[in-house]
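Contents: one structure, followed by commentary.
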Amino acid sequence: MIQNADTKPNPNISSEEIDSLLTEIVSSTELHFKWLNTLSLLEHIGSRKIHTSQSGALLSEMVLRHASEEARHAAYFKKLALKVKPDGTQNFEKDSLLCGFFAVSYFQKLDLSIERSFGTENFPKHTKSFLCYLYVTKLIEERAGLVYETYDQILDQKNAGISVKGIIKEEESHLSEMDSQLSKMDPKFESRTLEFREKEQKLFQKYFQNLRKEVFQYSLSK
């Protein structure tokens, strides 16, 4: 599992709720396409954020590899979306996404929240930027561990003919690298992790509530 042993899922959103909602999404070709297209967009945003925030002479192999893998994940999710719905759009128009605004908002607000948390810390500018990148990646990968694994189990149960096992394995590797770097660089790693997880949980809860609402409204319209 991608999450660490001490990772605590949001108590307000149970694994059963996530399973139930994803099962409903996978059961609809249209919702499933939009879900995969939204995941593709989020992976693309992740890759773009890495390239934007991490640059210059101190750029490492790990960062370059991570950015390229996120871009590849974006392409893979897009490929899966088009396998689910071959006549689906090649782009990321609003109507082709599932709760797209709130999905992107979750990512952007988490990034901004962590960046602001380091505002008064006595770290060099580059170190602050790198720590923000590490923490945001860590939190996103932890959440991905909870969601992607449940999603992949549903795909197996429904014999959907697609899988995200390869992505899960790479995300596990990313998380391990983030934890290793953070434990070396940040003396407040443990306490800061708990603080940031609370921020992430609140943001994810808002996204999940809106996702559930959009799926429910779609079901009512059918």
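Identifiers in this document derive from the order of the structure tokens: chains are assigned A, B, ..., residues are numbered from 1 separately in each chain, and ligands are numbered from 1 in order of occurrence.
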
Neighbour list for A:Leu21 as JSON, numbers by chain, cut-off 12 Å, only C-alpha atoms, skip fewer than 2 positions in-chain: {"A": [13, 14, 15, 16, 17, 18, 19, 23, 24, 25, 26, 27, 28, 31, 32, 35, 147, 150, 151, 154, 208, 209, 210, 211, 212, 213, 214, 215, 216, 219]}

Would you save the residues of that selection, restricted to C-alpha atoms, as a PDB file, in the first residue's frame?
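The resulting file, again.pdb, is shown below:
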ATOM      1  CA  ILE A  13     -14.737   9.467   4.876  1.00  0.00           C
ATOM      2  CA  SER A  14     -14.678   5.703   5.318  1.00  0.00           C
ATOM      3  CA  SER A  15     -13.091   3.222   2.935  1.00  0.00           C
ATOM      4  CA  GLU A  16     -16.596   1.821   2.403  1.00  0.00           C
ATOM      5  CA  GLU A  17     -17.812   5.220   1.178  1.00  0.00           C
ATOM      6  CA  ILE A  18     -14.912   5.497  -1.258  1.00  0.00           C
ATOM      7  CA  ASP A  19     -15.539   1.955  -2.477  1.00  0.00           C
ATOM      8  CA  THR A  23     -18.163   1.313  -7.823  1.00  0.00           C
ATOM      9  CA  GLU A  24     -20.947   3.581  -9.039  1.00  0.00           C
ATOM     10  CA  ILE A  25     -18.514   5.541 -11.184  1.00  0.00           C
ATOM     11  CA  VAL A  26     -17.038   2.436 -12.796  1.00  0.00           C
ATOM     12  CA  SER A  27     -20.541   1.095 -13.499  1.00  0.00           C
ATOM     13  CA  SER A  28     -21.226   4.019 -15.860  1.00  0.00           C
ATOM     14  CA  LEU A  31     -18.747   8.647 -15.434  1.00  0.00           C
ATOM     15  CA  HIS A  32     -15.843   6.242 -15.735  1.00  0.00           C
ATOM     16  CA  TRP A  35     -13.104   9.970 -13.826  1.00  0.00           C
ATOM     17  CA  VAL A 147      -8.042   5.739  -3.720  1.00  0.00           C
ATOM     18  CA  THR A 150      -9.678   0.621  -3.971  1.00  0.00           C
ATOM     19  CA  TYR A 151     -10.245   1.611  -7.586  1.00  0.00           C
ATOM     20  CA  ILE A 154     -13.093  -2.651  -8.291  1.00  0.00           C
ATOM     21  CA  PHE A 208     -15.221  14.040  -2.014  1.00  0.00           C
ATOM     22  CA  GLN A 209     -18.501  15.603  -0.952  1.00  0.00           C
ATOM     23  CA  ASN A 210     -18.751  17.481  -4.242  1.00  0.00           C
ATOM     24  CA  LEU A 211     -17.753  14.395  -6.211  1.00  0.00           C
ATOM     25  CA  ARG A 212     -20.494  12.385  -4.519  1.00  0.00           C
ATOM     26  CA  LYS A 213     -22.994  15.163  -5.234  1.00  0.00           C
ATOM     27  CA  GLU A 214     -22.087  15.276  -8.935  1.00  0.00           C
ATOM     28  CA  VAL A 215     -22.327  11.483  -9.290  1.00  0.00           C
ATOM     29  CA  PHE A 216     -25.694  11.504  -7.519  1.00  0.00           C
ATOM     30  CA  SER A 219     -27.588   9.209 -11.665  1.00  0.00           C
TER      31      SER A 219
END

Return as a tab-separated table the residues of stretch 27-140 of chain A lying at most 10 Å from stretch 191-196 of chain A, together with the closest atom-to-atom pair for each and the distance in Å to one decimal, counting only C-alpha atoms, with rows in chain order and ascending residue number.
residue	atom	partner	partner_atom	distance
A:Leu110	CA	A:Phe196	CA	8.8
A:Ser113	CA	A:Phe196	CA	8.6
A:Ile114	CA	A:Phe196	CA	7.1
A:Ser117	CA	A:Phe196	CA	9.0
A:Tyr135	CA	A:Thr193	CA	7.8
A:Val136	CA	A:Phe196	CA	8.8
A:Lys138	CA	A:Thr193	CA	9.1
A:Leu139	CA	A:Phe196	CA	7.8

Distance query stretch 49-62 of chain A at most 8 Å, only C-alpha atoms, self and fewer than 5 positions along chain excluded, as a PyMOL selection string: chain A and resi 67+129-130+133

What does the file look like for those residues with N, CA and C atoms, as a short mmCIF file (atom, residue, chain, number, x, y, z; two decimals), in the first residue's frame?
data_model
loop_
_atom_site.label_atom_id
_atom_site.label_comp_id
_atom_site.auth_asym_id
_atom_site.auth_seq_id
_atom_site.Cartn_x
_atom_site.Cartn_y
_atom_site.Cartn_z
N ALA A 67 8.99 13.92 -12.39
CA ALA A 67 8.21 14.74 -13.32
C ALA A 67 7.86 13.95 -14.58
N SER A 129 11.31 25.64 -1.23
CA SER A 129 10.62 25.18 -2.43
C SER A 129 10.70 23.66 -2.54
N PHE A 130 11.87 23.11 -2.23
CA PHE A 130 12.05 21.67 -2.34
C PHE A 130 11.24 20.93 -1.28
N TYR A 133 7.62 20.87 -2.30
CA TYR A 133 7.45 19.83 -3.33
C TYR A 133 7.38 18.44 -2.70
#

Atomic distance atom CA of A:Arg116 - atom CA of A:Asp186, expressed in Å with one decimal: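 Taking atom CA of A:Arg116 as the start and atom CA of A:Asp186 as the end point, the length is 16.2 Å.
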
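The closest residue to A:Thr38, picked from A:Gly88, A:Gly100, A:Gly145, A:Gly161 and counting only C-alpha atoms, is A:Gly100.
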